[in-house]
file query-v1.txt (compact mmCIF, C-alpha atoms)
# COMPACT_ATOMS: atom_id res chain seq x y z
CA LEU A 1 -6.99 122.16 54.61
CA LYS A 2 -4.90 121.14 51.62
CA GLU A 3 -3.01 118.64 53.78
CA LEU A 4 -6.29 117.20 55.09
CA SER A 5 -7.62 116.81 51.56
CA ILE A 6 -4.55 114.75 50.63
CA PHE A 7 -4.74 112.70 53.84
CA TYR A 8 -8.42 111.82 53.37
CA ASN A 9 -8.26 111.66 49.58
CA MET A 10 -10.92 114.36 49.23
CA SER A 11 -11.08 117.64 47.36
CA VAL A 12 -10.13 120.85 49.15
CA THR A 13 -13.69 122.09 48.60
CA GLN A 14 -15.16 119.07 50.41
CA VAL A 15 -12.71 119.37 53.29
CA SER A 16 -13.41 123.11 53.59
CA ALA A 17 -17.16 122.52 53.74
CA ILE A 18 -16.79 119.91 56.49
CA PHE A 19 -14.32 122.05 58.44
CA TYR A 20 -16.49 125.17 58.27
CA THR A 21 -19.58 123.18 59.32
CA TRP A 22 -17.90 121.71 62.38
CA VAL A 23 -16.41 125.05 63.39
CA GLN A 24 -19.90 126.59 63.35
CA PHE A 25 -21.36 123.65 65.30
CA VAL A 26 -18.72 123.66 68.05
CA TYR A 27 -18.88 127.47 68.28
CA LEU A 28 -22.63 127.35 68.92
CA GLN A 29 -22.02 124.93 71.80
CA THR A 30 -19.54 127.37 73.37
CA CYS A 31 -22.09 130.19 73.05
CA VAL A 32 -24.50 128.25 75.25
CA LEU A 33 -21.85 128.04 77.97
CA ARG A 34 -20.69 131.68 77.95
CA ASN A 35 -23.34 132.94 80.38
CA ALA A 36 -22.62 130.04 82.71
CA PHE A 37 -18.88 130.86 82.72
CA MET A 38 -19.46 134.47 83.80
CA LYS A 39 -22.01 133.41 86.43
CA GLY A 40 -19.46 130.97 87.82
CA ALA A 41 -16.85 133.71 88.11
CA ARG A 42 -19.38 136.00 89.80
CA ALA A 43 -20.39 133.34 92.32
CA THR A 44 -16.83 132.63 93.48
CA ASP A 45 -16.43 133.38 97.18
CA ILE A 46 -13.61 135.86 97.82
CA ARG A 47 -12.22 133.42 100.42
CA HIS A 48 -11.63 130.89 97.65
CA MET A 49 -9.83 133.30 95.34
CA PRO A 50 -6.02 133.30 94.92
CA ALA A 51 -4.15 135.28 97.59
CA CYS A 52 -3.30 138.21 95.28
CA PHE A 53 -7.02 138.85 94.69
CA ARG A 54 -7.94 138.53 98.38
CA LEU A 55 -5.43 141.28 99.21
CA LEU A 56 -7.45 143.74 97.12
CA ASN A 57 -10.51 143.26 99.35
CA ASP A 58 -12.67 143.28 96.21
CA LYS A 59 -14.40 140.30 94.64
CA VAL A 60 -13.04 140.68 91.10
CA THR A 61 -15.50 139.27 88.56
CA VAL A 62 -13.30 139.40 85.47
CA VAL A 63 -9.77 140.44 84.51
CA LEU A 64 -9.68 142.02 81.05
CA ASP A 65 -6.98 142.31 78.40
CA THR A 66 -6.69 142.39 74.63
CA THR A 67 -4.65 140.15 72.38
CA GLU A 68 -3.76 140.30 68.71
CA VAL A 69 -3.47 137.50 66.17
CA ARG A 70 -1.34 138.05 63.09
CA MET A 71 -3.09 137.84 59.71
CA GLN A 72 -1.98 137.89 56.10
CA MET A 73 -1.75 141.31 54.52
CA SER A 74 -4.84 142.02 52.44
CA LYS A 75 -4.59 143.25 48.86
CA ASN A 76 -7.28 145.77 49.76
CA PHE A 77 -5.48 148.98 50.78
CA GLN A 78 -8.25 150.10 53.13
CA GLN A 79 -8.23 146.76 54.94
CA GLN A 80 -4.44 146.93 55.12
CA GLY A 81 -4.71 150.22 57.00
CA ASN A 82 -7.60 149.13 59.20
CA THR A 83 -5.90 145.92 60.31
CA HIS A 84 -2.43 147.41 60.81
CA SER A 85 -1.53 147.34 64.48
CA SER A 86 0.53 150.30 65.70
CA TYR A 87 1.60 148.11 68.65
CA LYS A 88 2.61 144.97 66.71
CA HIS A 89 3.63 146.79 63.49
CA TYR A 90 1.90 144.24 61.27
CA ASN A 91 -1.66 143.31 60.30
CA THR A 92 -3.71 141.74 63.07
CA ILE A 93 -7.12 140.67 64.34
CA LYS A 94 -7.74 141.99 67.86
CA PHE A 95 -9.79 140.30 70.58
CA LEU A 96 -10.97 141.26 74.06
CA VAL A 97 -10.43 138.45 76.58
CA GLY A 98 -11.79 138.16 80.11
CA VAL A 99 -10.68 135.60 82.68
CA SER A 100 -11.81 134.70 86.18
CA SER A 101 -9.58 135.02 89.24
CA ARG A 102 -8.61 131.37 88.74
CA GLY A 103 -7.56 131.85 85.12
CA ALA A 104 -10.56 130.37 83.31
CA VAL A 105 -11.55 132.28 80.17
CA VAL A 106 -15.09 133.52 80.86
CA TYR A 107 -15.40 135.94 77.94
CA ASN A 108 -13.95 136.57 74.50
CA SER A 109 -15.13 139.07 71.93
CA GLU A 110 -15.43 138.73 68.20
CA GLY A 111 -12.33 139.67 66.22
CA TYR A 112 -11.84 143.34 65.30
CA GLU A 113 -9.44 145.08 62.96
CA GLY A 114 -6.04 145.53 64.57
CA SER A 115 -6.05 149.33 64.53
CA ILE A 116 -8.91 149.53 67.06
CA SER A 117 -8.05 150.87 70.52
CA ASP A 118 -8.68 148.94 73.74
CA ILE A 119 -11.39 151.43 74.71
CA GLU A 120 -13.22 151.21 71.38
CA LEU A 121 -12.94 147.43 71.44
CA PHE A 122 -14.55 147.32 74.89
CA LYS A 123 -17.34 149.64 73.72
CA SER A 124 -17.96 147.68 70.50
CA SER A 125 -17.92 144.24 72.13
CA ASP A 126 -20.94 142.52 73.65
CA ILE A 127 -19.35 142.07 77.08
CA SER A 128 -22.03 144.24 78.71
CA VAL A 129 -24.55 141.49 77.87
CA PHE A 130 -22.73 139.19 80.29
CA LEU A 131 -21.99 141.73 83.03
CA GLU A 132 -24.26 142.85 85.86
CA GLU A 133 -24.43 145.80 88.24
CA ASP A 134 -21.72 145.76 90.94
CA ASP A 135 -19.46 143.46 88.90
CA VAL A 136 -15.79 144.28 89.50
CA LEU A 137 -13.61 144.62 86.38
CA MET A 138 -9.82 144.63 86.50
CA ALA A 139 -7.78 145.92 83.57
CA ASP A 140 -4.59 147.70 82.51
CA ARG A 141 -4.12 151.47 82.27
CA GLY A 142 -5.18 151.41 78.61
CA PHE A 143 -8.76 150.71 79.66
CA THR A 144 -9.82 154.23 80.60
CA ILE A 145 -13.47 153.22 80.66
CA GLN A 146 -14.56 154.67 84.00
CA ASP A 147 -17.42 156.59 82.36
CA ILE A 148 -18.84 153.39 80.83
CA CYS A 149 -18.45 151.52 84.12
CA ASP A 150 -20.20 154.33 86.00
CA GLU A 151 -23.07 154.23 83.51
CA HIS A 152 -23.56 150.48 83.98
CA LYS A 153 -22.66 150.54 87.71
CA TYR A 154 -19.58 148.33 87.37
CA LYS A 155 -16.54 148.88 89.54
CA LEU A 156 -13.26 149.33 87.64
CA ILE A 157 -9.84 148.53 89.08
CA ILE A 158 -6.90 149.81 87.04
CA PRO A 159 -3.41 150.99 88.07
CA PRO A 160 -3.33 154.65 89.17
CA PHE A 161 -2.01 157.35 86.80
CA LEU A 162 0.73 159.88 87.52
CA ALA A 163 -1.57 162.68 86.24
CA GLY A 164 1.22 165.26 85.95
CA ARG A 165 3.04 164.16 89.10
CA THR A 166 6.62 162.90 89.19
CA ARG A 167 5.80 159.80 91.22
CA LEU A 168 2.97 157.77 92.72
CA THR A 169 2.15 157.82 96.42
CA ALA A 170 3.22 154.87 98.57
CA GLU A 171 -0.37 153.60 98.64
CA GLU A 172 -0.63 153.85 94.85
CA GLU A 173 2.65 151.99 94.41
CA ILE A 174 1.34 149.15 96.58
CA LEU A 175 -1.95 149.05 94.64
CA THR A 176 -0.08 148.98 91.31
CA LYS A 177 1.97 145.98 92.46
CA LYS A 178 -1.13 144.16 93.71
CA ILE A 179 -2.90 144.67 90.37
CA ALA A 180 0.19 143.54 88.44
CA LYS A 181 0.26 140.27 90.41
CA CYS A 182 -3.42 139.64 89.69
CA ARG A 183 -3.06 140.45 86.00
CA ILE A 184 -0.58 137.61 85.57
CA THR A 185 -3.73 135.44 85.50
CA VAL A 186 -4.99 136.89 82.20
CA GLU A 187 -1.49 137.03 80.70
CA ARG A 188 -1.01 133.29 81.33
CA SER A 189 -4.40 132.50 79.79
CA ILE A 190 -3.56 134.49 76.66
CA ARG A 191 -0.20 132.72 76.36
CA ARG A 192 -2.05 129.39 76.49
CA ILE A 193 -4.48 130.54 73.79
CA LYS A 194 -1.59 131.67 71.58
CA SER A 195 0.12 128.28 71.92
CA TYR A 196 -2.38 126.63 69.55
CA GLN A 197 -0.83 125.74 66.20
CA ILE A 198 -3.66 127.33 64.22
CA LEU A 199 -2.44 130.71 65.52
CA ALA A 200 1.26 129.97 64.94
CA LYS A 201 1.16 131.31 61.37
CA PRO A 202 -0.56 134.43 59.99
CA VAL A 203 -4.28 133.79 59.51
CA GLN A 204 -5.18 133.40 55.85
CA ILE A 205 -7.59 135.93 54.36
CA SER A 206 -9.93 133.08 53.42
CA MET A 207 -10.21 132.13 57.13
CA LEU A 208 -11.25 135.59 58.35
CA PRO A 209 -15.04 134.94 58.17
CA ILE A 210 -14.77 132.16 60.78
CA MET A 211 -11.75 133.37 62.75
CA SER A 212 -13.87 134.77 65.58
CA ASN A 213 -15.56 131.38 65.93
CA ILE A 214 -12.22 129.54 65.92
CA PHE A 215 -10.80 131.89 68.56
CA SER A 216 -13.85 131.33 70.76
CA ILE A 217 -13.46 127.54 70.47
CA ILE A 218 -9.78 127.80 71.41
CA CYS A 219 -10.63 129.86 74.49

call {"tool": "encode", "arguments": {"input": "query-v1.txt", "output": "structure tokens"}}
result
Amino acid sequence: LKELSIFYNMSVTQVSAIFYTWVQFVYLQTCVLRNAFMKGARATDIRHMPACFRLLNDKVTVVLDTTEVRMQMSKNFQQQGNTHSSYKHYNTIKFLVGVSSRGAVVYNSEGYEGSISDIELFKSSDISVFLEEDDVLMADRGFTIQDICDEHKYKLIIPPFLAGRTRLTAEEEILTKKIAKCRITVERSIRRIKSYQILAKPVQISMLPIMSNIFSIIC
């Protein structure tokens, strides 16, 4: 914002006000489209899905994953602890992202403090507003949310667990490989999101109030 103020010969305060206003405006436009995105993913004929999804014999509605964006360390000790990611080992904002079988981002949550688990993030997000009965959700092993899916009548596809065994069965090995191939879709989408320059540096504390909106616009 400081660079923009110099470029346009305006005060940082003026530039900030304009920037914040436009972020809010564009974000509201994306909100209108969110329902349409999920409906589009739901309406996709399994015959038109990529081969890796067709092999599962299930019409996957959305592939889920989480991603973390680095943020500046807060001077508030409680916020430092709440935003510290045990996975990344620094302070982060964590988002839930859902993509269609063709790689289009059809859902993103608000930003949460980096210490939150994948399960708690799923529970706290508003994704259930956009899902319907019989929707098929694909995720990684960290999403042990079968109880929630049963409650809402979603179908959950995640890789099988060893559950005390030394190895998976042949069928489970095949299923794990099929899921891994499909999950490349969400991993590529997240890499694209992370390629934006605004996420290249740690997010400033002053930007936190609108970071969820910015992330949604990027998606």

call {"tool": "closest_residue", "arguments": {"input": "query-v1.txt", "among": "A:Pro50, A:Gly40, A:Pro159, A:Gly142", "to": "A:Glu171", "atoms": "all atoms listed in the file"}}
result
A:Pro159

call {"tool": "residues_around", "arguments": {"input": "query-v1.txt", "residues": "A:Gly103", "least_positions_apart": "4", "cutoff": "8 Å", "atoms": "all atoms listed in the file", "output": "PDB file with C-alpha atoms, in the coordinates of the input"}}
result
ATOM      1  CA  VAL A  99     -10.680 135.600  82.680  1.00  0.00           C
ATOM      2  CA  THR A 185      -3.730 135.440  85.500  1.00  0.00           C
ATOM      3  CA  VAL A 186      -4.990 136.890  82.200  1.00  0.00           C
ATOM      4  CA  ARG A 188      -1.010 133.290  81.330  1.00  0.00           C
ATOM      5  CA  SER A 189      -4.400 132.500  79.790  1.00  0.00           C
TER       6      SER A 189
END

call {"tool": "closest_residue", "arguments": {"input": "query-v1.txt", "among": "A:Glu120, A:Asp140, A:Glu172, A:Glu68", "to": "A:Phe95", "atoms": "only C-alpha atoms"}}
result
A:Glu68

call {"tool": "atom_distance", "arguments": {"input": "query-v1.txt", "atom1": "atom CA of A:His89", "atom2": "atom CA of A:Thr66"}}
result
15.8 Å

call {"tool": "atom_distance", "arguments": {"input": "query-v1.txt", "atom1": "atom CA of A:Lys88", "atom2": "atom CA of A:Val105"}}
result
23.3 Å

call {"tool": "closest_residue", "arguments": {"input": "query-v1.txt", "among": "A:Val69, A:Ile18, A:Ala170, A:Leu28", "to": "A:Ile190", "atoms": "all atoms listed in the file"}}
result
A:Val69

call {"tool": "closest_residue", "arguments": {"input": "query-v1.txt", "among": "A:Ser100, A:Ser117, A:Ser85, A:Thr169", "to": "A:Arg42", "atoms": "only C-alpha atoms"}}
result
A:Ser100

call {"tool": "atom_distance", "arguments": {"input": "query-v1.txt", "atom1": "atom CA of A:Leu96", "atom2": "atom CA of A:Gly111"}}
result
8.1 Å

call {"tool": "residues_around", "arguments": {"input": "query-v1.txt", "residues": "A:Arg141", "least_positions_apart": "4", "cutoff": "8 Å", "atoms": "all atoms listed in the file", "output": "PDB file with C-alpha atoms, in the frame of the given file"}}
result
ATOM      1  CA  ILE A 158      -6.900 149.810  87.040  1.00  0.00           C
ATOM      2  CA  PRO A 159      -3.410 150.990  88.070  1.00  0.00           C
ATOM      3  CA  PRO A 160      -3.330 154.650  89.170  1.00  0.00           C
ATOM      4  CA  PHE A 161      -2.010 157.350  86.800  1.00  0.00           C
TER       5      PHE A 161
END

call {"tool": "closest_atom_pairs", "arguments": {"input": "query-v1.txt", "of": "stretch 32-131 of chain A", "to": "stretch 202-207 of chain A", "cutoff": "8 Å", "atoms": "all atoms listed in the file", "output": "Markdown table"}}
result
| residue | atom | partner | partner_atom | distance |
| --- | --- | --- | --- | --- |
| A:Val69 | CA | A:Pro202 | CA | 7.5 |
| A:Arg70 | CA | A:Pro202 | CA | 4.8 |
| A:Met71 | CA | A:Val203 | CA | 4.2 |
| A:Gln72 | CA | A:Pro202 | CA | 5.4 |
| A:Met73 | CA | A:Ile205 | CA | 7.9 |
| A:Ser74 | CA | A:Ile205 | CA | 7.0 |

call {"tool": "residues_near_point", "arguments": {"input": "query-v1.txt", "point": "(-16.4, 141.8, 96.1)", "cutoff": "10 Å", "atoms": "only C-alpha atoms", "output": "list of chain:residue names"}}
result
A:Arg42, A:Thr44, A:Asp45, A:Ile46, A:Phe53, A:Arg54, A:Leu56, A:Asn57, A:Asp58, A:Lys59, A:Val60, A:Thr61, A:Asp134, A:Asp135, A:Val136, A:Lys155

call {"tool": "closest_residue", "arguments": {"input": "query-v1.txt", "among": "A:Ala43, A:Leu1, A:Cys219, A:Ile93", "to": "A:Phe19", "atoms": "all atoms listed in the file"}}
result
A:Leu1

call {"tool": "residues_around", "arguments": {"input": "query-v1.txt", "residues": "stretch 29-39 of chain A", "least_positions_apart": "6", "cutoff": "10 Å", "atoms": "all atoms listed in the file", "output": "number ranges by chain"}}
result
A: 61-62, 98-100, 104-108, 129-132, 213, 216-219

call {"tool": "axis_aligned_box", "arguments": {"input": "query-v1.txt", "around": "stretch 3-22 of chain A", "padding_each_side": "6 Å", "output": "lines of an AutoDock Vina configuration file"}}
result
center_x = -11.3
center_y = 118.4
center_z = 54.9
size_x = 28.6
size_y = 25.5
size_z = 27.0

call {"tool": "closest_residue", "arguments": {"input": "query-v1.txt", "among": "A:Ile119, A:Arg47, A:Thr13, A:Asn91", "to": "A:Gln146", "atoms": "all atoms listed in the file"}}
result
A:Ile119
